>>> print(open('structure.cif').read())   # mmCIF, C-alpha atoms
data_input
#
loop_
_atom_site.label_atom_id
_atom_site.label_comp_id
_atom_site.auth_asym_id
_atom_site.auth_seq_id
_atom_site.Cartn_x
_atom_site.Cartn_y
_atom_site.Cartn_z
CA MET A 17 11.12 6.59 1.28
CA MET A 18 14.40 5.95 -0.51
CA ASP A 19 14.89 8.15 -3.56
CA PHE A 20 16.14 5.35 -5.80
CA LEU A 21 12.71 3.67 -5.58
CA ILE A 22 10.84 6.86 -6.47
CA GLU A 23 13.07 8.29 -9.18
CA PRO A 24 12.31 5.73 -11.92
CA VAL A 25 8.57 6.20 -11.41
CA VAL A 26 8.83 9.99 -11.50
CA ARG A 27 11.13 9.91 -14.53
CA ALA A 28 8.72 7.67 -16.47
CA ALA A 29 5.73 9.84 -15.51
CA LEU A 30 7.50 13.03 -16.59
CA ALA A 31 8.53 11.44 -19.89
CA GLU A 32 4.95 10.35 -20.49
CA ASP A 33 3.66 13.89 -19.93
CA LEU A 34 6.42 15.93 -21.58
CA GLY A 35 6.80 13.74 -24.65
CA ARG A 36 9.31 14.79 -27.32
CA ALA A 37 8.86 18.55 -27.24
CA GLY A 38 8.18 19.43 -23.60
CA ASP A 39 5.55 21.81 -22.24
CA LEU A 40 4.51 23.79 -25.31
CA THR A 41 2.15 26.00 -23.33
CA ALA A 42 4.76 27.13 -20.83
CA GLN A 43 7.31 27.62 -23.59
CA ALA A 44 4.88 29.84 -25.46
CA CYS A 45 3.56 31.88 -22.54
CA VAL A 46 6.26 32.03 -19.86
CA PRO A 47 9.68 33.74 -20.21
CA ALA A 48 12.55 31.26 -19.97
CA GLU A 49 14.08 32.91 -16.88
CA ALA A 50 10.82 33.54 -15.00
CA ARG A 51 10.61 32.29 -11.41
CA MET A 52 7.51 30.96 -9.68
CA ALA A 53 6.68 30.36 -6.03
CA GLY A 54 3.92 27.92 -5.22
CA VAL A 55 2.39 25.72 -2.56
CA PHE A 56 1.19 22.18 -3.00
CA ALA A 57 -1.90 22.34 -0.83
CA ALA A 58 -4.60 19.91 0.33
CA ARG A 59 -8.20 20.58 -0.62
CA ARG A 60 -9.43 18.26 2.14
CA ALA A 61 -8.09 16.64 5.29
CA GLY A 62 -5.97 13.52 5.06
CA VAL A 63 -2.68 11.78 5.80
CA ALA A 64 0.52 12.74 3.99
CA ALA A 65 2.39 10.39 1.67
CA GLY A 66 4.41 11.14 -1.44
CA VAL A 67 6.10 14.35 -0.31
CA ASP A 68 9.40 13.08 -1.70
CA ALA A 69 7.80 12.46 -5.09
CA VAL A 70 7.04 16.18 -5.33
CA ARG A 71 10.62 17.09 -4.48
CA ILE A 72 12.06 14.67 -7.01
CA ALA A 73 9.68 15.71 -9.79
CA VAL A 74 10.53 19.39 -9.40
CA ARG A 75 14.28 18.83 -8.97
CA MET A 76 14.46 16.68 -12.10
CA LEU A 77 13.39 19.76 -14.06
CA ASP A 78 15.18 22.43 -12.01
CA LEU A 79 18.22 21.41 -10.01
CA GLU A 80 18.26 24.81 -8.29
CA ALA A 81 14.66 24.66 -7.06
CA GLU A 82 14.07 25.55 -3.41
CA ILE A 83 11.73 23.01 -1.81
CA GLU A 84 10.37 22.90 1.73
CA ALA A 85 8.39 19.89 2.95
CA VAL A 86 5.86 21.35 5.38
CA VAL A 87 4.53 17.94 6.44
CA ARG A 88 6.19 14.56 6.79
CA ASP A 89 4.91 11.34 5.29
CA GLY A 90 2.49 9.78 7.77
CA GLN A 91 1.48 13.12 9.29
CA PRO A 92 -2.23 14.07 9.31
CA PHE A 93 -3.27 17.45 7.95
CA GLU A 94 -6.40 19.58 7.67
CA ALA A 95 -8.16 20.85 4.57
CA GLY A 96 -6.28 23.81 3.13
CA ALA A 97 -2.96 22.79 4.67
CA ALA A 98 0.27 23.50 2.83
CA LEU A 99 2.09 20.24 2.15
CA VAL A 100 5.12 21.40 0.15
CA ARG A 101 6.40 24.90 -0.63
CA VAL A 102 8.41 25.42 -3.80
CA GLU A 103 10.26 28.20 -5.60
CA ALA A 104 11.63 27.24 -9.00
CA ASN A 105 11.98 28.16 -12.63
CA ALA A 106 8.42 28.79 -13.72
CA ARG A 107 8.57 26.66 -16.84
CA ALA A 108 10.06 23.77 -14.89
CA LEU A 109 7.49 23.96 -12.10
CA LEU A 110 4.57 24.11 -14.53
CA ALA A 111 6.00 21.21 -16.53
CA GLY A 112 6.28 19.02 -13.44
CA GLU A 113 3.06 20.14 -11.78
CA ARG A 114 0.74 17.38 -13.00
CA THR A 115 3.20 14.55 -12.37
CA ALA A 116 3.84 15.80 -8.85
CA LEU A 117 0.14 16.24 -8.13
CA ASN A 118 -0.81 12.85 -9.55
CA LEU A 119 1.68 11.02 -7.36
CA LEU A 120 1.03 13.13 -4.27
CA GLY A 121 -2.75 12.82 -4.58
CA ARG A 122 -2.60 9.09 -5.23
CA MET A 123 -0.32 8.37 -2.29
CA CYS A 124 -2.15 10.68 0.14
CA GLY A 125 -5.41 9.00 -0.86
CA ILE A 126 -4.05 5.55 -0.03
CA ALA A 127 -2.54 6.73 3.28
CA THR A 128 -5.80 8.44 4.23
CA LEU A 129 -7.95 5.38 3.48
CA THR A 130 -5.51 3.11 5.30
CA ARG A 131 -5.65 5.32 8.39
CA ALA A 132 -9.45 4.99 8.40
CA TYR A 133 -9.17 1.18 8.41
CA VAL A 134 -6.50 1.23 11.12
CA GLU A 135 -8.65 3.45 13.32
CA ALA A 136 -11.68 1.20 12.73
CA VAL A 137 -9.89 -1.79 14.31
CA SER A 138 -8.26 0.19 17.12
CA GLY A 139 -8.38 -1.71 20.40
CA SER A 140 -8.32 -5.14 18.75
CA ARG A 141 -5.33 -7.40 18.10
CA ALA A 142 -5.85 -7.18 14.35
CA ARG A 143 -3.48 -5.31 12.06
CA ILE A 144 -4.44 -3.98 8.64
CA ALA A 145 -2.36 -5.20 5.70
CA ASP A 146 -2.31 -4.43 1.99
CA THR A 147 -2.17 -6.90 -0.92
CA ARG A 148 -0.49 -7.14 -4.34
CA LYS A 149 -3.53 -5.52 -5.94
CA THR A 150 -1.52 -2.44 -6.85
CA THR A 151 -1.14 -0.23 -9.91
CA PRO A 152 1.50 -1.80 -12.21
CA GLY A 153 4.75 0.12 -11.81
CA LEU A 154 3.61 1.92 -8.65
CA ARG A 155 3.74 -0.89 -6.09
CA ALA A 156 6.67 0.44 -4.05
CA LEU A 157 5.04 3.88 -3.79
CA GLU A 158 1.58 2.55 -3.00
CA LYS A 159 2.85 0.17 -0.33
CA HIS A 160 4.87 3.02 1.19
CA ALA A 161 1.62 5.02 1.33
CA VAL A 162 -0.08 2.14 3.18
CA ALA A 163 2.72 2.19 5.75
CA CYS A 164 2.31 5.97 6.09
CA GLY A 165 -1.34 5.36 6.97
CA GLY A 166 -0.38 2.92 9.71
CA GLY A 167 -0.97 -0.27 7.73
CA MET A 168 1.32 -3.25 7.35
CA ASN A 169 2.80 -4.41 4.07
CA HIS A 170 1.98 -7.92 2.88
CA ARG A 171 4.23 -9.45 0.20
CA PHE A 172 5.90 -6.97 -2.15
CA GLY A 173 6.15 -9.66 -4.80
CA LEU A 174 6.09 -13.35 -5.54
CA ASP A 175 9.65 -13.71 -4.26
CA ASP A 176 8.96 -12.45 -0.70
CA ALA A 177 7.33 -15.54 0.74
CA ILE A 178 5.34 -18.63 -0.21
CA LEU A 179 1.60 -17.98 -0.38
CA ILE A 180 -0.36 -21.07 -1.39
CA LYS A 181 -3.71 -20.09 -2.89
CA ASP A 182 -6.69 -22.05 -4.16
CA ASN A 183 -5.22 -22.78 -7.60
CA HIS A 184 -2.01 -24.08 -6.05
CA VAL A 185 -4.06 -26.30 -3.74
CA ALA A 186 -6.07 -27.66 -6.67
CA LEU A 187 -2.92 -28.46 -8.65
CA CYS A 188 -1.32 -30.17 -5.65
CA GLY A 189 -4.39 -32.21 -4.78
CA GLY A 190 -5.02 -30.71 -1.38
CA VAL A 191 -3.96 -28.23 1.28
CA GLY A 192 -1.78 -30.65 3.19
CA GLU A 193 0.16 -31.78 0.15
CA ALA A 194 0.66 -28.17 -0.99
CA VAL A 195 2.12 -27.16 2.37
CA ARG A 196 4.37 -30.23 2.46
CA ARG A 197 5.75 -29.42 -0.98
CA ALA A 198 6.30 -25.81 0.02
CA ARG A 199 8.10 -26.84 3.20
CA ALA A 200 10.40 -29.14 1.25
CA HIS A 201 11.26 -26.35 -1.21
CA ALA A 202 11.54 -23.33 1.10
CA GLY A 203 14.75 -22.01 2.59
CA HIS A 204 14.97 -21.67 6.35
CA LEU A 205 14.13 -17.95 6.22
CA VAL A 206 11.12 -18.27 3.90
CA ARG A 207 7.71 -18.10 5.57
CA ILE A 208 4.80 -20.19 4.30
CA GLU A 209 1.19 -19.04 4.17
CA VAL A 210 -1.71 -21.13 2.93
CA GLU A 211 -5.18 -19.95 1.95
CA VAL A 212 -8.16 -22.02 3.11
CA ASP A 213 -11.80 -21.56 2.17
CA GLY A 214 -13.46 -23.62 4.89
CA LEU A 215 -13.01 -25.15 8.33
CA ASN A 216 -12.18 -28.60 6.94
CA GLN A 217 -9.28 -27.12 5.01
CA LEU A 218 -8.25 -25.22 8.14
CA ASP A 219 -7.89 -28.44 10.12
CA GLU A 220 -5.81 -29.96 7.31
CA ALA A 221 -3.63 -26.85 7.19
CA LEU A 222 -3.06 -26.68 10.94
CA ALA A 223 -1.69 -30.21 10.94
CA GLU A 224 1.11 -29.10 8.59
CA ARG A 225 2.18 -26.15 10.79
CA PRO A 226 2.26 -23.30 8.25
CA ASP A 227 3.43 -19.93 9.50
CA VAL A 228 0.25 -18.17 8.42
CA VAL A 229 -3.25 -19.33 7.46
CA MET A 230 -5.38 -17.06 5.29
CA LEU A 231 -9.08 -17.42 6.04
CA ASP A 232 -10.56 -16.48 2.68
CA ASN A 233 -14.10 -15.11 2.55
CA PHE A 234 -15.07 -16.72 5.88
CA THR A 235 -18.30 -15.62 7.52
CA LEU A 236 -18.04 -14.02 10.94
CA PRO A 237 -19.17 -17.20 12.76
CA ALA A 238 -16.65 -19.22 10.73
CA LEU A 239 -13.89 -16.76 11.60
CA ARG A 240 -14.69 -17.07 15.30
CA GLU A 241 -14.69 -20.86 15.05
CA ALA A 242 -11.39 -20.78 13.14
CA VAL A 243 -9.78 -18.70 15.89
CA GLU A 244 -10.99 -21.16 18.54
CA ARG A 245 -9.75 -24.20 16.61
CA ALA A 246 -6.36 -22.64 16.06
CA LYS A 247 -6.14 -21.72 19.75
CA VAL A 248 -6.54 -25.34 20.89
CA SER A 249 -4.69 -26.98 18.01
CA PRO A 250 -2.06 -29.49 19.20
CA PHE A 251 0.13 -28.31 16.30
CA GLY A 252 0.41 -24.73 17.58
CA ARG A 253 -1.37 -21.54 16.57
CA PRO A 254 -0.27 -19.90 13.32
CA VAL A 255 -0.89 -16.28 12.43
CA LEU A 256 -4.49 -16.02 11.22
CA GLU A 257 -5.25 -13.65 8.37
CA ALA A 258 -8.79 -12.73 7.29
CA SER A 259 -9.21 -11.75 3.68
CA GLY A 260 -11.86 -11.21 1.05
CA GLY A 261 -14.45 -8.48 0.56
CA VAL A 262 -13.36 -6.43 3.58
CA THR A 263 -14.88 -2.94 3.79
CA LEU A 264 -14.82 -0.08 6.26
CA GLU A 265 -18.30 -1.13 7.33
CA THR A 266 -17.30 -4.73 8.11
CA VAL A 267 -13.67 -4.51 9.24
CA ALA A 268 -14.38 -3.79 12.93
CA GLU A 269 -16.58 -6.88 13.27
CA ILE A 270 -13.95 -8.98 11.54
CA ALA A 271 -11.31 -7.67 13.95
CA ARG A 272 -13.47 -8.65 16.94
CA THR A 273 -13.32 -12.32 15.91
CA GLY A 274 -9.73 -12.45 17.15
CA VAL A 275 -7.82 -12.75 13.87
CA ASP A 276 -4.30 -11.31 13.77
CA VAL A 277 -4.23 -9.69 10.33
CA ILE A 278 -6.90 -8.36 7.98
CA SER A 279 -5.71 -7.91 4.40
CA VAL A 280 -7.57 -5.31 2.36
CA GLY A 281 -7.11 -5.04 -1.39
CA ALA A 282 -9.20 -1.87 -1.43
CA LEU A 283 -6.37 0.07 0.24
CA THR A 284 -4.61 0.24 -3.11
CA HIS A 285 -7.06 -0.82 -5.82
CA SER A 286 -9.95 1.40 -4.71
CA ALA A 287 -8.50 4.32 -2.75
CA PRO A 288 -9.69 7.64 -4.19
CA ALA A 289 -6.95 10.16 -4.87
CA LEU A 290 -6.90 12.96 -2.34
CA ASP A 291 -7.62 16.34 -3.90
CA VAL A 292 -4.43 18.42 -3.90
CA GLY A 293 -3.44 21.41 -6.01
CA LEU A 294 -0.57 23.79 -6.75
CA ASP A 295 -1.37 27.36 -5.75
CA ALA A 296 0.87 30.12 -7.09
CA ARG A 297 2.12 32.56 -4.42
#
>>> encode(input="structure.cif", output="structure tokens")
Amino acid sequence: MMDFLIEPVVRAALAEDLGRAGDLTAQACVPAEARMAGVFAARRAGVAAGVDAVRIAVRMLDLEAEIEAVVRDGQPFEAGAALVRVEANARALLAGERTALNLLGRMCGIATLTRAYVEAVSGSRARIADTRKTTPGLRALEKHAVACGGGMNHRFGLDDAILIKDNHVALCGGVGEAVRRARAHAGHLVRIEVEVDGLNQLDEALAERPDVVMLDNFTLPALREAVERAKVSPFGRPVLEASGGVTLETVAEIARTGVDVISVGALTHSAPALDVGLDAR
């Protein structure tokens, strides 16, 4: 991941933790010139993401720190595995420890959960995508973690594409009118997706030829019927995206309906942080 996307997040997190006076405990207990070697290690198995956040957090506090990334983002690891090895000024390393661990654990947790979803739909045509249900200020990092887990990024923001949802439809007076307005407004490179909540709305949407149709909270029989209707539509088959209440227990069945994309908000809003720690060596 590009450093310029990570650095502002790390800088803000360090400022939040260090406050006005810095790490009082390290200043009181650790000699200013002391050195410390340590390993950022996994307490359980998972998928790596956020290795660069560790490097940046430590280097912001000690420009001379020696840092070795043992794993690459996207690489699976076993419980007890070393993820990053560090030798740095002891005060600096202790001051940056929690920020580095918070970001590493959060991102590894998202990558690990995403990999579980991706494996659950293996063998189907469906791809797993994230949503905008991200932690404010951390979207770029969390979506990078999804990609590390093998998932696909949906929109990064409101300016990526046009996604017509139920409130837009209500304000426009219908699915067809909403898509027509979007088509008239959009540039030639802007894709248009419309959310539908039933088969009647699907038929109306198909007639307007959107690029993507989101099938929101459809039952499994309705998803199968939607795939069949899109397949024989005289207007062409758009990308079909299933969304709403997807879990690890249901995602494989959803994939078997023949949809192209399954968007999962839980990848970012409900992923548990992976347990990682800094072990002194």
>>> residues_around(input="structure.cif", residues="segment 73-84 of chain A", least_positions_apart="4", cutoff="8 Å", atoms="all atoms listed in the file", output="number ranges by chain")
A: 26-27, 30, 69, 100-105, 108-109, 111-113, 115-116
>>> atom_distance(input="structure.cif", atom1="atom CA of Ile208 of chain A", atom2="atom CA of Cys164 of chain A")
26.3 Å
>>> closest_residue(input="structure.cif", among="A:Arg225, A:Arg297, A:Arg131, A:Arg122", to="Thr151 of chain A", atoms="all atoms listed in the file")
A:Arg122
>>> resolve_selection(input="structure.cif", expression="the PyMOL selection byres ((chain A and resi 172) around 12)", output="PDB file with C-alpha atoms, in the frame of the given file")
ATOM      1  CA  ALA A 145      -2.360  -5.200   5.700  1.00  0.00           C
ATOM      2  CA  ASP A 146      -2.310  -4.430   1.990  1.00  0.00           C
ATOM      3  CA  THR A 147      -2.170  -6.900  -0.920  1.00  0.00           C
ATOM      4  CA  ARG A 148      -0.490  -7.140  -4.340  1.00  0.00           C
ATOM      5  CA  LYS A 149      -3.530  -5.520  -5.940  1.00  0.00           C
ATOM      6  CA  THR A 150      -1.520  -2.440  -6.850  1.00  0.00           C
ATOM      7  CA  LEU A 154       3.610   1.920  -8.650  1.00  0.00           C
ATOM      8  CA  ARG A 155       3.740  -0.890  -6.090  1.00  0.00           C
ATOM      9  CA  ALA A 156       6.670   0.440  -4.050  1.00  0.00           C
ATOM     10  CA  LEU A 157       5.040   3.880  -3.790  1.00  0.00           C
ATOM     11  CA  GLU A 158       1.580   2.550  -3.000  1.00  0.00           C
ATOM     12  CA  LYS A 159       2.850   0.170  -0.330  1.00  0.00           C
ATOM     13  CA  HIS A 160       4.870   3.020   1.190  1.00  0.00           C
ATOM     14  CA  MET A 168       1.320  -3.250   7.350  1.00  0.00           C
ATOM     15  CA  ASN A 169       2.800  -4.410   4.070  1.00  0.00           C
ATOM     16  CA  HIS A 170       1.980  -7.920   2.880  1.00  0.00           C
ATOM     17  CA  ARG A 171       4.230  -9.450   0.200  1.00  0.00           C
ATOM     18  CA  GLY A 173       6.150  -9.660  -4.800  1.00  0.00           C
ATOM     19  CA  LEU A 174       6.090 -13.350  -5.540  1.00  0.00           C
ATOM     20  CA  ASP A 175       9.650 -13.710  -4.260  1.00  0.00           C
ATOM     21  CA  ASP A 176       8.960 -12.450  -0.700  1.00  0.00           C
ATOM     22  CA  ALA A 177       7.330 -15.540   0.740  1.00  0.00           C
ATOM     23  CA  ILE A 178       5.340 -18.630  -0.210  1.00  0.00           C
ATOM     24  CA  LEU A 179       1.600 -17.980  -0.380  1.00  0.00           C
TER      25      LEU A 179
END
>>> atom_distance(input="structure.cif", atom1="atom CA of Gly190 of chain A", atom2="atom CA of Leu222 of chain A")
13.1 Å
>>> axis_aligned_box(input="structure.cif", around="segment 253-259 of chain A", padding_each_side="8 Å", output="AutoDock Vina command-line options")
--center_x -4.7 --center_y -16.6 --center_z 10.1 --size_x 24.9 --size_y 25.8 --size_z 28.9
>>> resolve_selection(input="structure.cif", expression="the PyMOL selection byres ((chain A and resi 293) around 7)", output="ChimeraX atom specification")
/A:56-58,117,291-292,294-295
>>> atom_distance(input="structure.cif", atom1="atom CA of Met18 of chain A", atom2="atom CA of Ala31 of chain A")
21.0 Å
>>> closest_residue(input="structure.cif", among="A:Ala289, A:Asp213, A:Ala132, A:Leu264", to="Pro92 of chain A", atoms="all atoms listed in the file")
A:Ala132
>>> closest_residue(input="structure.cif", among="A:Asp68, A:Arg36, A:Ala161, A:Arg199", to="Gly90 of chain A", atoms="only C-alpha atoms")
A:Ala161
>>> residues_around(input="structure.cif", residues="Leu129 of chain A", least_positions_apart="4", cutoff="12 Å", atoms="only C-alpha atoms", output="MDAnalysis selection string")
chainID A and resid 61:65 92 122:125 133:136 144 146 158 161:167 263:264 280:290
>>> closest_residue(input="structure.cif", among="A:Asp19, A:Val275, A:Gly66, A:Asp182", to="Glu241 of chain A", atoms="only C-alpha atoms")
A:Val275
>>> closest_residue(input="structure.cif", among="A:Leu40, A:Leu110, A:Ala29, A:Val212", to="Lys181 of chain A", atoms="only C-alpha atoms")
A:Val212
>>> closest_residue(input="structure.cif", among="A:Leu34, A:Val248, A:Ala202, A:Val86", to="Asp219 of chain A", atoms="all atoms listed in the file")
A:Val248
>>> residues_around(input="structure.cif", residues="Pro237 of chain A", least_positions_apart="6", cutoff="12 Å", atoms="all atoms listed in the file", output="compact mmCIF listing (two decimals) with C-alpha atoms, in the frame of the given file")
# COMPACT_ATOMS: atom_id res chain seq x y z
CA GLY A 214 -13.46 -23.62 4.89
CA LEU A 215 -13.01 -25.15 8.33
CA VAL A 243 -9.78 -18.70 15.89
CA GLU A 244 -10.99 -21.16 18.54
CA GLU A 269 -16.58 -6.88 13.27
CA ILE A 270 -13.95 -8.98 11.54
CA ARG A 272 -13.47 -8.65 16.94
CA THR A 273 -13.32 -12.32 15.91
CA GLY A 274 -9.73 -12.45 17.15
>>> resolve_selection(input="structure.cif", expression="the PyMOL selection byres ((chain A and resi 231) around 9)", output="PyMOL selection string")
chain A and resi 210-215+218+229-230+232-234+239+242+256-260
>>> residues_around(input="structure.cif", residues="Glu193 of chain A", least_positions_apart="6", cutoff="10 Å", atoms="all atoms listed in the file", output="VMD selection string")
chain A and resid 185 187 199 220 to 221 224
>>> decode(input="structure.cif", residues="segment 210-220 of chain A", atoms="all heavy atoms", output="CSV table (one decimal), in the first residue's frame")
chain,number,residue,atom,x,y,z
A,210,VAL,N,-27.9,0.3,-9.7
A,210,VAL,CA,-29.2,0.6,-9.0
A,210,VAL,C,-29.6,-0.5,-8.1
A,210,VAL,O,-29.5,-1.7,-8.5
A,210,VAL,CB,-30.3,0.9,-10.1
A,210,VAL,CG1,-30.6,-0.3,-11.0
A,210,VAL,CG2,-31.6,1.3,-9.4
A,211,GLU,N,-30.1,-0.2,-7.0
A,211,GLU,CA,-30.6,-1.2,-6.0
A,211,GLU,C,-32.0,-1.4,-6.2
A,211,GLU,O,-32.8,-0.5,-6.4
A,211,GLU,CB,-30.3,-0.6,-4.6
A,211,GLU,CG,-30.9,-1.5,-3.4
A,211,GLU,CD,-30.8,-0.8,-2.1
A,211,GLU,OE1,-29.6,-0.7,-1.6
A,211,GLU,OE2,-31.8,-0.3,-1.6
A,212,VAL,N,-32.4,-2.7,-6.2
A,212,VAL,CA,-33.8,-3.1,-6.3
A,212,VAL,C,-34.2,-4.0,-5.1
A,212,VAL,O,-33.3,-4.8,-4.7
A,212,VAL,CB,-34.1,-3.8,-7.6
A,212,VAL,CG1,-33.8,-2.8,-8.8
A,212,VAL,CG2,-33.4,-5.1,-7.8
A,213,ASP,N,-35.4,-3.9,-4.7
A,213,ASP,CA,-35.8,-4.7,-3.6
A,213,ASP,C,-36.9,-5.8,-3.9
A,213,ASP,O,-37.5,-6.4,-3.0
A,213,ASP,CB,-36.3,-3.9,-2.4
A,213,ASP,CG,-37.5,-3.0,-2.8
A,213,ASP,OD1,-38.1,-3.2,-3.8
A,213,ASP,OD2,-37.8,-2.0,-2.0
A,214,GLY,N,-37.1,-6.0,-5.2
A,214,GLY,CA,-38.1,-7.0,-5.6
A,214,GLY,C,-38.0,-7.3,-7.1
A,214,GLY,O,-37.3,-6.5,-7.9
A,215,LEU,N,-38.6,-8.3,-7.6
A,215,LEU,CA,-38.5,-8.7,-9.0
A,215,LEU,C,-39.2,-7.7,-9.9
A,215,LEU,O,-38.7,-7.5,-11.1
A,215,LEU,CB,-39.1,-10.1,-9.2
A,215,LEU,CG,-38.3,-11.2,-8.5
A,215,LEU,CD1,-39.1,-12.5,-8.5
A,215,LEU,CD2,-36.9,-11.4,-9.2
A,216,ASN,N,-40.2,-7.0,-9.4
A,216,ASN,CA,-40.9,-6.0,-10.3
A,216,ASN,C,-39.9,-4.9,-10.5
A,216,ASN,O,-39.8,-4.4,-11.7
A,216,ASN,CB,-42.2,-5.5,-9.6
A,216,ASN,CG,-43.3,-6.5,-9.6
A,216,ASN,OD1,-43.3,-7.4,-10.4
A,216,ASN,ND2,-44.2,-6.4,-8.7
A,217,GLN,N,-39.2,-4.4,-9.5
A,217,GLN,CA,-38.2,-3.4,-9.7
A,217,GLN,C,-37.1,-3.9,-10.6
A,217,GLN,O,-36.5,-3.1,-11.3
A,217,GLN,CB,-37.7,-2.9,-8.3
A,217,GLN,CG,-38.6,-2.0,-7.6
A,217,GLN,CD,-37.9,-1.3,-6.4
A,217,GLN,OE1,-36.9,-1.8,-5.9
A,217,GLN,NE2,-38.4,-0.2,-6.0
A,218,LEU,N,-36.7,-5.1,-10.5
A,218,LEU,CA,-35.7,-5.7,-11.3
A,218,LEU,C,-36.1,-5.5,-12.8
A,218,LEU,O,-35.2,-5.1,-13.6
A,218,LEU,CB,-35.4,-7.1,-11.0
A,218,LEU,CG,-34.5,-7.9,-12.0
A,218,LEU,CD1,-33.1,-7.3,-11.9
A,218,LEU,CD2,-34.5,-9.4,-11.7
A,219,ASP,N,-37.3,-5.9,-13.2
A,219,ASP,CA,-37.7,-5.8,-14.6
A,219,ASP,C,-37.6,-4.3,-15.0
A,219,ASP,O,-37.2,-4.1,-16.2
A,219,ASP,CB,-39.1,-6.3,-14.7
A,219,ASP,CG,-39.2,-7.8,-14.5
A,219,ASP,OD1,-38.2,-8.5,-14.7
A,219,ASP,OD2,-40.3,-8.3,-14.1
A,220,GLU,N,-38.0,-3.4,-14.2
A,220,GLU,CA,-38.0,-2.0,-14.5
A,220,GLU,C,-36.6,-1.5,-14.7
A,220,GLU,O,-36.2,-0.8,-15.6
A,220,GLU,CB,-38.7,-1.2,-13.4
A,220,GLU,CG,-38.8,0.3,-13.7
A,220,GLU,CD,-39.6,1.1,-12.6
A,220,GLU,OE1,-40.0,0.4,-11.6
A,220,GLU,OE2,-39.6,2.3,-12.8
